[in-house]
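Following: one structure in C-alpha cells, then a few remarks.
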Amino acid sequence: MSETESTSTEDTLYEVSDSIAVITLNRPEKMNTLGGSMLALVSEYISKAERDSDVRVIILTGNGRAFCAGLDVVGAQSRTGSQSVENTKRAIPVTLNVKTFPPGVIFNCEKPVICAMNGAAAGFGMDMALACDIRILAQSAKMAPTPVKRGIVPESGGTWLLPRLIGWEKATEIFFTARNLGADESKELGLCSHVVPDEELLPFARELAGQIAANAPLAVQSAKRLMRMGQGQQFNDHVHHVYMNFLQLMRTEDAREGMTSFAQKRPPEFKGN
C-alpha cells in the first residue's frame, strides 16, 4: 500500500494513494477543455504513473459538469480568450505524435486506465475516454461525438477505437449523426461497463481499481499488453506470444506467491516482482 502523493497545477491534479493514481482535469469553468500545458500534463501524469512502481491502476476523471469538452482552440496558453493565430497553433499542433498525445499515451500505457466520466465527453474528450481500458459513467454523463457537426473528424483515434468497441454499423451511425449518447444508452451499446449515481462515481471507480490493484501487477500489465497485441494478430501468432509471456511470469516472485497463497488458502501479497 503506497503513501499518498499529491501534485497540483491549476488545470490538472495528480494524486496517488493505495496504489491508485487519480488524474483530474480541473478546469470546470471551461468544461475541462484541453490546450497547451494541459495536453502535456495529462500525458506527463499518465507516463509518471506508468513509471511509478507503487502505482498499479490509473483513474482519469474531471471536476465540474464535464469530463472534457474537447480541445481548447482559443486562448489555450493565456486563457485571455484571445483568438490569435499563435494561440490556435499552440492549441492544435500541426503534426501529431501519437506516443505523446493523451489518447495515444493512455492507449499505450502498460497499466490499466479507468475513465471515471463525471460529465460530458466531447470530441477529443470522447477519444480520451474511448482510449481507456474501462469506462464508468456517472448517470449525468454523456458521449458527444460532435466533430462532423463542426466540419471536422475525430482527430485522435476515435474512428479507430469506436468501431472496435461496438462494431462498424453502430459506430458509423453514431459518427454520421453526431448525436449525443446518454449514460444508459452508452452502457447498452457497450461503451461503458457501469453507470452509477453521480455521487458514487469516484468511490465506485476506486473500489474497482482496488480490486485490480490487489492482483499481481505484472500479470495484469501482461494481460493488457497481450489483449492490445491480439487486435492485430492471427490466433496462432497470438497464442505463441501469450505462452512466451506465461513462461516469463512463471519465473516471478508474484507467481510463486500466487501458487503458495492458493495452497495455503490465504489472500496473496503481490509485490510486483
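Just remember, in the C-alpha cells the first chain shown is A, the second B, etc., residues are 1-based per chain, and ligands are 1-based in the order shown.
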
>> With only C-alpha atoms as the counted atoms, please give the residues lying no more than 7 Å from Gly123 (chain A), apart from itself and same-chain residues fewer than 4 positions off, as a ChimeraX atom specification.
In response: /A:69-70,127,144-147,154

Residues of the last selection are to be written out with all heavy atoms, as a CSV table (one decimal), in the first residue's frame.
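The resulting selection-v7.csv:
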```csv
chain,number,residue,atom,x,y,z
A,69,ALA,N,-14.6,18.6,-22.7
A,69,ALA,CA,-15.4,19.1,-23.8
A,69,ALA,C,-14.6,19.2,-25.1
A,69,ALA,O,-15.0,19.9,-26.1
A,69,ALA,CB,-16.1,20.4,-23.5
A,70,GLY,N,-13.4,18.6,-25.1
A,70,GLY,CA,-12.6,18.6,-26.3
A,70,GLY,C,-11.4,19.5,-26.2
A,70,GLY,O,-10.9,19.9,-25.1
A,127,ASP,N,-12.5,10.8,-27.3
A,127,ASP,CA,-11.4,10.0,-27.8
A,127,ASP,C,-10.6,9.5,-26.6
A,127,ASP,O,-10.1,8.4,-26.5
A,127,ASP,CB,-10.5,10.7,-28.8
A,127,ASP,CG,-11.1,10.8,-30.2
A,127,ASP,OD1,-12.2,10.3,-30.4
A,127,ASP,OD2,-10.4,11.4,-31.0
A,144,ALA,N,-20.5,12.7,-26.6
A,144,ALA,CA,-20.9,13.7,-27.6
A,144,ALA,C,-19.9,13.7,-28.8
A,144,ALA,O,-18.9,14.4,-28.8
A,144,ALA,CB,-20.9,15.1,-27.0
A,145,PRO,N,-20.2,12.8,-29.7
A,145,PRO,CA,-19.4,12.7,-30.9
A,145,PRO,C,-19.7,13.8,-31.9
A,145,PRO,O,-20.3,13.6,-33.0
A,145,PRO,CB,-19.8,11.3,-31.5
A,145,PRO,CG,-21.2,11.1,-31.1
A,145,PRO,CD,-21.3,11.8,-29.7
A,146,THR,N,-19.2,15.0,-31.6
A,146,THR,CA,-19.6,16.2,-32.3
A,146,THR,C,-18.8,16.6,-33.6
A,146,THR,O,-19.3,17.5,-34.3
A,146,THR,CB,-19.6,17.4,-31.4
A,146,THR,OG1,-18.2,17.5,-30.8
A,146,THR,CG2,-20.5,17.2,-30.2
A,147,PRO,N,-17.7,16.0,-33.9
A,147,PRO,CA,-16.8,16.6,-34.9
A,147,PRO,C,-17.5,16.9,-36.2
A,147,PRO,O,-17.2,18.0,-36.8
A,147,PRO,CB,-15.7,15.5,-35.1
A,147,PRO,CG,-15.6,15.0,-33.7
A,147,PRO,CD,-17.0,14.9,-33.2
A,154,PRO,N,-13.0,13.1,-35.8
A,154,PRO,CA,-12.3,12.9,-34.5
A,154,PRO,C,-10.8,12.8,-34.8
A,154,PRO,O,-10.3,12.0,-35.6
A,154,PRO,CB,-12.8,11.5,-34.1
A,154,PRO,CG,-14.1,11.4,-34.8
A,154,PRO,CD,-14.0,12.1,-36.1
```

Show me, as JSON lines, the residues of region 184-218 of chain A having an atom within 7 Å of region 49-67 of chain A, each with the closest atom pair and its distance in Å, using only C-alpha atoms.
```
{"residue": "A:Ala209", "atom": "CA", "partner": "A:Val57", "partner_atom": "CA", "distance": 6.0}
{"residue": "A:Ala213", "atom": "CA", "partner": "A:Arg56", "partner_atom": "CA", "distance": 5.4}
{"residue": "A:Pro217", "atom": "CA", "partner": "A:Arg56", "partner_atom": "CA", "distance": 6.2}
```

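In the backbone-derived DSSP annotation, strand (DSSP E) within region 152-268 of chain A comprises Leu181, Gly182, His194, Val195 and Val196 of chain A.
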
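If only C-alpha atoms are the atoms counted, then among A:Val98, A:Thr24, A:Trp168, A:Asn108 the closest residue to Met229 (chain A) is A:Asn108.
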